[in-house]
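Take a look at the structure below.
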Number of protein chains: 2
Amino acid sequence: MRSRRLDYSESTRSALVDSAVELFTKRGYAGTSLDEIAKRARVTKGALYHHFSGKQALFEAAFDQVESLVYDRLDKIVNGDGTPWERALAGLNAFIRACLDPAYQRIAIHEAPVVMGWERWREAEERCSFGLVRSGLQSLIDAGEVEPVPVEVTARLLFGALSSAATEIASSPDPKKVGAQIEDVIVRMLVRLRRTEPDVSIG
Amino acid sequence: MRSRRLDYSESTRSALVDSAVELFTKRGYAGTSLDEIAKRARVTKGALYHHFSGKQALFEAAFDQVESLVYDRLDKIVNGDGTPWERALAGLNAFIRACLDPAYQRIAIHEAPVVMGWERWREAEERCSFGLVRSGLQSLIDAGEVEPVPVEVTARLLFGALSSAATEIASSPDPKKVGAQIEDVIVRMLVRLRRTEPDVSIG
DNA sequence: ACGGCGAACATACCATGAGTATGGAGAGAT
DNA sequence: ATCTCTCCATACTCATGGTATGTTCGCCGT
């Protein structure tokens with residue numbers, strides 16, 4: 001039988017992570033103190049340092065949290081039903097919507113490379129949303145939908161374009177309009193890379 | 001006649017900026033202390049705070065330094081001789097090479113949005129390298145070389161793609177190869193957006 | 001030439017916040 | 001019952017950004 005104590009421990013840990021996600025999103029990594037995070041989780045720094053080795057480790061836990069949420073959503077779509085092309089378009093749309101989430105945008109996209117170091121961030125992203133972009137592109141090529149471009153760099157280009165575009169969307173006065181524009185441009189570029197049937201329906 | 005004292009002042013100021021560029025590039029913004037920067041410039045923190053209002057202001061000075069260097073190079077190329085298409089390709093190539101400079105990459109591309117805040121970074125970039133990408137794209141459209149895509153968001157997509165790609169290049173074991181691949185993919189996409197003459201010679 | 005004024009620094013200090021050392025409380029094992 | 005070990009609180013240390021104040025020295029008016 002699961003110990004009551006373990007429940008408590010798990011609960012405070014997740015409270016700390018939730019608190020970290022909120023505050024890091026609002027004030028950024030440098031602008032958030034550990035005392036604040038602990039206070040918001042109604043514990044002290046002692047508890048924090050019991051569960052995490054330091055501020056960076058807590059940030060990475062917060063990163064994993066927001067990243068995995070997005071990943072699950074995207075995974076269902078990209079590896080779901082439909083033709084590779086349809087799934088790619090749907091995934092594109094979903095990713096842009098995900099980037100509109102302030103937490104994902106600030107923590108996973110903007111601050112993570114700086115806080116965790118680009119190398120480590122790359123590793124993490126490799127297994128998550130970037131991995132999906134990459135595998136999605138790969139399936140498009142395998143299915144003969146698009147030209148055989150170098151997958152690694154093209155995926156990197158796409159991912160970079162999308163994430164920076166997402167920032168543009170989020171900080172725009174009319175996010176919906178800009179979001180639609182961006183999706184349109186990306187789709188057009190992808191269509192241009194398509195081998196056949198240059199017309200496409202964008203839903 | 002220019003005062004001797006002003007020479008000294010200007011000299012220590014630029015020494016501080018140079019020192020900041022070096023250390024921020026090597027260890028990042030958070031990992032660099034003001035005492036270190038001052039020590040490397042052979043002054044004390046007092047001098048630093050005489051010339052700059054704080055760490056952020058010093059960072060922005062360092063940002064301006066690396067940014068203006070790149071801008072001057074790009075400006076000559078993008079607004080130089082040749083057809084809009086040729087100039088765009090040359091500018092593309094030059095921008096990728098610029099992104100290979102560790103200082104530009106870390107300070108101007110990666111850390112600046114986090115340190116200065118995205119809004120302020122965007123303003124600065126608007127007048128610098130991003131502005132060139134944007135105006136370059138605009139001339140391509142004006143010249144009827146590419147389809148009339150929404151300039152603002154497309155430029156943002158391009159800029160994001162390029163800067164993230166640059167990181168990929170710089171951290172690659174074979175930067176030349178990856179660099180060529182990326183240039184190839186980008187050019188291919190641009191060519192696809194071209195209205196006429198879908199073949200192109202990539203130099 | 002000189003006195004003093006102000007810019008250009010240096011020095012000493014303070015405040016905040018990350019990280020550490022230590023103590024205690026309570027659940028589960030013996 | 002007590003013993004232990006996880007879980008967490010309290011009370012520190014130390015690094016660092018920022019401030020307050022002292023000091024030097026080139027320039028300018030007289």
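Ligands are numbered from 1 in the order shown, residues from 1 within each chain, and chains are lettered A, B, ... in the order they appear in the structure tokens.
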Q: Skip Ala62 in chain B itself and residues of its chain fewer than 4 positions away, then list as number ranges by chain all residues within 7 Å of it, counting only C-alpha atoms (C1' of nucleotides).
A: B: 17, 20-21, 58, 66
Take the residues from that selection and put them in a file with N, CA and C atoms, as a PDB file, in the first residue's frame.
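The result, stored in out37.pdb:
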```pdb
ATOM      1  N   VAL B  17      33.051  48.076 -22.788  1.00  0.00           N
ATOM      2  CA  VAL B  17      32.152  47.415 -23.734  1.00  0.00           C
ATOM      3  C   VAL B  17      32.835  46.193 -24.348  1.00  0.00           C
ATOM      4  N   ALA B  20      32.906  43.496 -21.891  1.00  0.00           N
ATOM      5  CA  ALA B  20      31.572  42.926 -21.726  1.00  0.00           C
ATOM      6  C   ALA B  20      31.236  41.979 -22.867  1.00  0.00           C
ATOM      7  N   VAL B  21      31.548  42.387 -24.082  1.00  0.00           N
ATOM      8  CA  VAL B  21      31.262  41.532 -25.242  1.00  0.00           C
ATOM      9  C   VAL B  21      31.980  40.196 -25.091  1.00  0.00           C
ATOM     10  N   LEU B  58      24.800  48.046 -19.738  1.00  0.00           N
ATOM     11  CA  LEU B  58      26.073  47.600 -20.295  1.00  0.00           C
ATOM     12  C   LEU B  58      25.846  46.511 -21.340  1.00  0.00           C
ATOM     13  N   VAL B  66      28.036  44.599 -31.242  1.00  0.00           N
ATOM     14  CA  VAL B  66      28.066  43.452 -32.153  1.00  0.00           C
ATOM     15  C   VAL B  66      27.025  43.603 -33.259  1.00  0.00           C
TER      16      VAL B  66
END
```
(Q) For the structure I just gave you, how does DSSP split range 2-203 of chain A - specifically, which residues are helix (DSSP H, G or I)? Reply as a ChimeraX atom specification. (A) /A:4-27,34-40,45-51,55-78,84-99,102-116,118-126,129-142,151-170,175-193
Given the selection you just returned, output its residues as a file containing C-alpha atoms, formatted as a compact mmCIF listing (two decimals), in the first residue's frame.
```
# COMPACT_ATOMS: atom_id res chain seq x y z
CA ARG A 4 0.57 8.49 3.01
CA ARG A 5 3.88 10.26 3.41
CA LEU A 6 4.76 9.63 -0.21
CA ASP A 7 1.49 11.25 -1.24
CA TYR A 8 2.39 14.35 0.71
CA SER A 9 5.86 14.44 -0.72
CA GLU A 10 4.59 14.07 -4.26
CA SER A 11 2.01 16.74 -3.63
CA THR A 12 4.47 19.34 -2.39
CA ARG A 13 6.80 18.54 -5.24
CA SER A 14 4.14 19.12 -7.86
CA ALA A 15 3.00 22.23 -6.01
CA LEU A 16 6.53 23.55 -6.29
CA VAL A 17 6.65 22.78 -10.00
CA ASP A 18 3.28 24.42 -10.61
CA SER A 19 4.38 27.45 -8.67
CA ALA A 20 7.61 27.59 -10.63
CA VAL A 21 5.78 27.39 -13.96
CA GLU A 22 3.50 30.24 -13.00
CA LEU A 23 6.19 32.56 -11.70
CA PHE A 24 8.76 31.79 -14.37
CA THR A 25 6.11 32.50 -16.96
CA LYS A 26 5.13 35.78 -15.36
CA ARG A 27 8.49 37.22 -14.33
CA LEU A 34 13.20 30.75 -4.86
CA ASP A 35 11.60 32.17 -1.74
CA GLU A 36 8.73 33.44 -3.87
CA ILE A 37 8.26 30.06 -5.49
CA ALA A 38 8.37 28.30 -2.15
CA LYS A 39 6.01 30.80 -0.57
CA ARG A 40 3.48 30.39 -3.36
CA LYS A 45 13.17 26.89 0.65
CA GLY A 46 14.14 23.83 2.68
CA ALA A 47 11.43 21.81 1.00
CA LEU A 48 12.47 23.13 -2.37
CA TYR A 49 16.07 22.11 -1.87
CA HIS A 50 14.93 18.74 -0.62
CA HIS A 51 13.19 18.01 -3.89
CA LYS A 55 17.17 26.65 -9.25
CA GLN A 56 18.21 25.20 -12.59
CA ALA A 57 16.88 21.77 -11.68
CA LEU A 58 13.57 23.31 -10.69
CA PHE A 59 13.46 25.16 -13.98
CA GLU A 60 14.04 21.95 -15.86
CA ALA A 61 11.19 20.33 -13.98
CA ALA A 62 8.97 23.24 -14.98
CA PHE A 63 10.24 22.90 -18.53
CA ASP A 64 9.37 19.19 -18.59
CA GLN A 65 5.92 20.00 -17.29
CA VAL A 66 4.95 22.48 -20.00
CA GLU A 67 6.79 20.58 -22.67
CA SER A 68 5.11 17.26 -21.97
CA LEU A 69 1.66 18.83 -22.03
CA VAL A 70 2.29 20.22 -25.49
CA TYR A 71 3.97 17.03 -26.61
CA ASP A 72 1.00 14.88 -25.71
CA ARG A 73 -1.37 17.08 -27.65
CA LEU A 74 0.87 17.18 -30.70
CA ASP A 75 1.67 13.50 -30.60
CA LYS A 76 -1.98 12.55 -30.81
CA ILE A 77 -2.42 14.74 -33.85
CA VAL A 78 0.78 14.08 -35.76
CA PRO A 84 0.68 12.43 -43.79
CA TRP A 85 -0.17 15.72 -45.42
CA GLU A 86 -3.33 16.24 -43.42
CA ARG A 87 -1.58 15.31 -40.20
CA ALA A 88 1.26 17.68 -40.98
CA LEU A 89 -1.12 20.56 -41.52
CA ALA A 90 -3.05 19.76 -38.38
CA GLY A 91 0.18 19.47 -36.44
CA LEU A 92 1.31 22.81 -37.76
CA ASN A 93 -1.88 24.41 -36.58
CA ALA A 94 -1.64 22.74 -33.20
CA PHE A 95 1.96 23.80 -32.71
CA ILE A 96 1.15 27.42 -33.44
CA ARG A 97 -1.69 27.27 -30.96
CA ALA A 98 0.63 25.69 -28.41
CA CYS A 99 3.10 28.52 -28.87
CA PRO A 102 2.51 32.00 -22.44
CA ALA A 103 4.09 29.29 -20.33
CA TYR A 104 5.24 27.24 -23.30
CA GLN A 105 6.45 30.27 -25.13
CA ARG A 106 8.46 31.86 -22.37
CA ILE A 107 9.74 28.77 -20.58
CA ALA A 108 10.18 26.19 -23.32
CA ILE A 109 10.99 28.40 -26.28
CA HIS A 110 12.62 31.56 -25.04
CA GLU A 111 14.31 31.05 -21.69
CA ALA A 112 15.13 27.36 -21.80
CA PRO A 113 18.00 27.66 -24.28
CA VAL A 114 19.55 30.41 -22.18
CA VAL A 115 18.90 28.88 -18.76
CA MET A 116 19.59 25.24 -19.54
CA TRP A 118 21.54 25.43 -25.81
CA GLU A 119 23.06 21.94 -25.94
CA ARG A 120 20.88 20.57 -23.17
CA TRP A 121 17.80 22.32 -24.53
CA ARG A 122 18.42 20.78 -27.90
CA GLU A 123 18.61 17.31 -26.39
CA ALA A 124 15.34 17.81 -24.56
CA GLU A 125 13.57 19.23 -27.59
CA GLU A 126 14.89 16.39 -29.69
CA SER A 129 8.10 18.90 -29.94
CA PHE A 130 11.08 19.37 -32.22
CA GLY A 131 11.23 15.62 -32.57
CA LEU A 132 7.66 15.68 -33.82
CA VAL A 133 8.38 18.39 -36.38
CA ARG A 134 11.31 16.36 -37.55
CA SER A 135 9.48 13.05 -37.79
CA GLY A 136 6.50 14.75 -39.41
CA LEU A 137 8.71 16.16 -42.10
CA GLN A 138 10.35 12.78 -42.50
CA SER A 139 7.03 11.07 -43.10
CA LEU A 140 6.12 13.68 -45.68
CA ILE A 141 9.32 12.91 -47.52
CA ASP A 142 8.89 9.15 -47.12
CA VAL A 151 15.58 16.54 -42.89
CA GLU A 152 17.67 17.68 -39.96
CA VAL A 153 18.34 21.22 -41.10
CA THR A 154 14.95 21.73 -42.70
CA ALA A 155 13.23 20.67 -39.51
CA ARG A 156 15.46 23.05 -37.60
CA LEU A 157 14.53 25.86 -39.98
CA LEU A 158 10.86 25.07 -39.63
CA PHE A 159 11.02 24.86 -35.87
CA GLY A 160 12.92 28.12 -35.60
CA ALA A 161 10.56 29.86 -37.94
CA LEU A 162 7.51 28.59 -36.11
CA SER A 163 8.66 29.42 -32.64
CA SER A 164 9.76 32.91 -33.52
CA ALA A 165 6.56 33.38 -35.41
CA ALA A 166 4.63 32.30 -32.36
CA THR A 167 6.17 35.13 -30.40
CA GLU A 168 5.09 37.48 -33.10
CA ILE A 169 1.57 36.13 -32.86
CA ALA A 170 1.39 36.33 -29.11
CA PRO A 175 -3.22 37.34 -32.74
CA LYS A 176 -5.83 35.53 -34.74
CA LYS A 177 -5.12 37.44 -37.91
CA VAL A 178 -1.35 37.17 -37.61
CA GLY A 179 -1.68 33.49 -36.71
CA ALA A 180 -3.68 32.83 -39.83
CA GLN A 181 -1.19 34.75 -41.94
CA ILE A 182 1.71 32.75 -40.59
CA GLU A 183 -0.03 29.47 -41.09
CA ASP A 184 -0.82 30.57 -44.60
CA VAL A 185 2.77 31.46 -45.45
CA ILE A 186 4.14 28.25 -43.98
CA VAL A 187 1.59 26.13 -45.75
CA ARG A 188 2.33 27.93 -48.99
CA MET A 189 6.03 27.19 -48.59
CA LEU A 190 5.32 23.57 -47.83
CA VAL A 191 2.99 23.35 -50.77
CA ARG A 192 5.75 24.68 -52.92
CA LEU A 193 7.93 21.89 -51.73
```
Q. So how far away is C1' of DT6 in chain D from C1' of DA25 in chain C, in Å?
A.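 Between C1' of DA25 in chain C and C1' of DT6 in chain D the gap works out to 10.8 Å.
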Q.
Quick one: residues within 12 Å of DA15 in chain C, only C-alpha atoms (C1' of nucleotides), excluding same-chain residues fewer than 4 positions away - as a list in words?
A.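 So the residues in contact are DT16, DG17, DG18 and DT19 of chain D.
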Q.
Would you compute the distance between CA of Gly28 in chain B and CA of Gly31 in chain A? Give it in Å to one decimal.
A.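 Here the two named atoms are 16.4 Å from each other.
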Q. When distances are computed from only C-alpha atoms (C1' of nucleotides), which of B:Val149, B:Asn79, B:Ser171, B:Val43 shows the smallest separation from chain C?
A.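 Nearest candidate to chain C out of B:Val149, B:Asn79, B:Ser171, B:Val43: B:Val43.
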Q) When distances are computed from only C-alpha atoms (C1' of nucleotides), which of A:Gly117, A:Arg194, A:Arg127, A:Thr44 shows the smallest separation from chain D? A) A:Thr44
Q: Pull out every residue of chain D sitting within 9 Å of chain A, counting only C-alpha atoms (C1' of nucleotides), and send them as a PyMOL selection string.
A: chain D and resi 6-10
Q.
Quick one: residues within 12 Å of DG4 in chain C, only C-alpha atoms (C1' of nucleotides), excluding same-chain residues fewer than 6 positions away - as a list in words?
A.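 The contact residues come out as DC27, DC28, DG29 and DT30 of chain D.
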Give me, as CSV, each residue of chain C that comes within 12 Å of chain B, together with its shortest interatomic pair and the distance in Å at one decimal, counting only C-alpha atoms (C1' of nucleotides), with rows ordered by chain and rising residue number.
```
residue,atom,partner,partner_atom,distance
C:DA7,C1',B:Arg5,CA,8.8
C:DA8,C1',B:Ser9,CA,7.1
C:DC9,C1',B:Ala47,CA,5.4
C:DA10,C1',B:Gly46,CA,6.4
C:DT11,C1',B:Gly46,CA,8.6
C:DA12,C1',B:Gly46,CA,11.3
```
Q) Which residue, D:DA15, D:DA20, D:DC5, D:DC25, has the smallest gap to DC13 in chain C when you use only C-alpha atoms (C1' of nucleotides)? A) D:DA20
Q | Option closest in space to chain A, from B:Val146, B:Leu100, B:Cys128, B:Ala30 [counting only C-alpha atoms] | A |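 Nearest to chain A: B:Ala30.
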